[in-house]
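Student: There's a structure below that I have some questions on.
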Amino acid sequence: MPFSYVVLGAGRQGLALAYDLAKNCDAALVRVADLNSAQLGHAMTRLGALLPDTTCQFAFKVCDVSKPAEVAQTIAGADVVLSAAPYRFNIELTQAAIAAGASFCDLGGNTGVVRQQLAQHEAAERSGVSVVPDCGLAPGLGNILAAHGVQQMDTPLDVHVRCGGLPERPVGALGYKLVFNFDGLINEYSGAG
């Protein structure tokens with residue numbers, strides 16, 4: 001059964017999400033939305049080059065995720081909404097997806113935000129949708145792989161999860177490779193979340 005997806009954010013991670021959905025997730029339609037029209041143009045060109053023979057349709061739309069009416073219009077009819085937008089928008093985006101009857105997943109970035117999203121479980125259940133927050137690299141994929149590894153062992157003693165954001169040759173004031181939104185990076189360094 002083909003699905004309709006919306007990816008909010010057309011940066012590196014949003015582009016990777018759109019590619020993966022079109023290639024591996026039974027997508028009939030992947031709508032990519034971003035506030036920056038130049039970023040959308042880049043996404044359109046890149047996805048066309050990466051997937052020249054795909055049967056998946058792509059749509060590209062300018063959308064300001066801070067404006068609920070624009071978000072509601074952008075995600076209408078979607079089966080699943082994925083947020084590659086800064087974490088500070090994820091509470092409202094979760095609510096919008098639930099209201100639209102779409103499942104929701106995001107790349108996370110702040111524990112307090114995730115707790116508020118998880119508090120919407122009953123509303124999501126009533127709408128018949130799933131909300132899966134905080135699915136970025138770490139937390140996210142790193143935790144999933146660590147849990148899988150633990151399940152493969154008889155009696156694990158310790159688990160250490162390392163994230164690839166700290167390069168061998170650090171550059172810049174933070175010495176960090178910017179692999180996700182700058183606001184999320186500052187949140188990680190400040191311990192605010």
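Labeling convention for the structure tokens: chains A, B, ... as they appear, residues from 1 per chain, ligands from 1 in order of appearance.
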Residues within 8 Å of Ser127 (chain A), please, as an NGL selection string. Count only C-alpha atoms; anything in the same chain fewer than 4 positions from it doesn't count.
Tutor: :A and (98-99 or 101 or 123)
Student: Given only C-alpha atoms, how would the per-residue table for region 82-107 of chain A near region 15-30 of chain A read, listing every residue at most 10 Å away with its closest atom pair and distance in Å to one decimal, sorted by chain and number, as a Markdown table?
Tutor:
```
| residue | atom | partner | partner_atom | distance |
| --- | --- | --- | --- | --- |
| A:Leu82 | CA | A:Leu17 | CA | 8.1 |
| A:Ser83 | CA | A:Leu17 | CA | 9.4 |
| A:Ala84 | CA | A:Leu17 | CA | 8.3 |
```
Student: Quick one: pick out all alpha helix (DSSP H) residues within region 43-187 of chain A from a backbone DSSP run and write them as an MDAnalysis selection string.
Tutor: chainID A and resid 43:50 68:75 90:100 111:118 121:127 141:151 182:187
Student: Go ahead and compute the interatomic distance for CA of Val129 (chain A) and CA of Ala102 (chain A), in Å to one decimal.
Tutor: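 Atom-to-atom, CA of Val129 (chain A) to CA of Ala102 (chain A), that is 6.0 Å.
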Student: List the spatial neighbours of Ser66 (chain A) as a VMD selection string - criterion: any atom at most 9 Å away, only C-alpha atoms, same-chain residues fewer than 6 positions off excluded.
Tutor: chain A and resid 89 92 to 93
Student: Nearest residue to Val71 (chain A) out of A:Val7, A:Val113, A:Val171, A:Val131, using only C-alpha atoms?
Tutor: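 Using only C-alpha atoms, Val71 (chain A) sits closest to A:Val7.
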Student: Which of these, A:Leu8, A:Ile91, A:Ala85, A:Ala38, has the shortest distance to Thr111 (chain A) once you count only C-alpha atoms?
Tutor: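 Nearest to Thr111 (chain A): A:Ile91.
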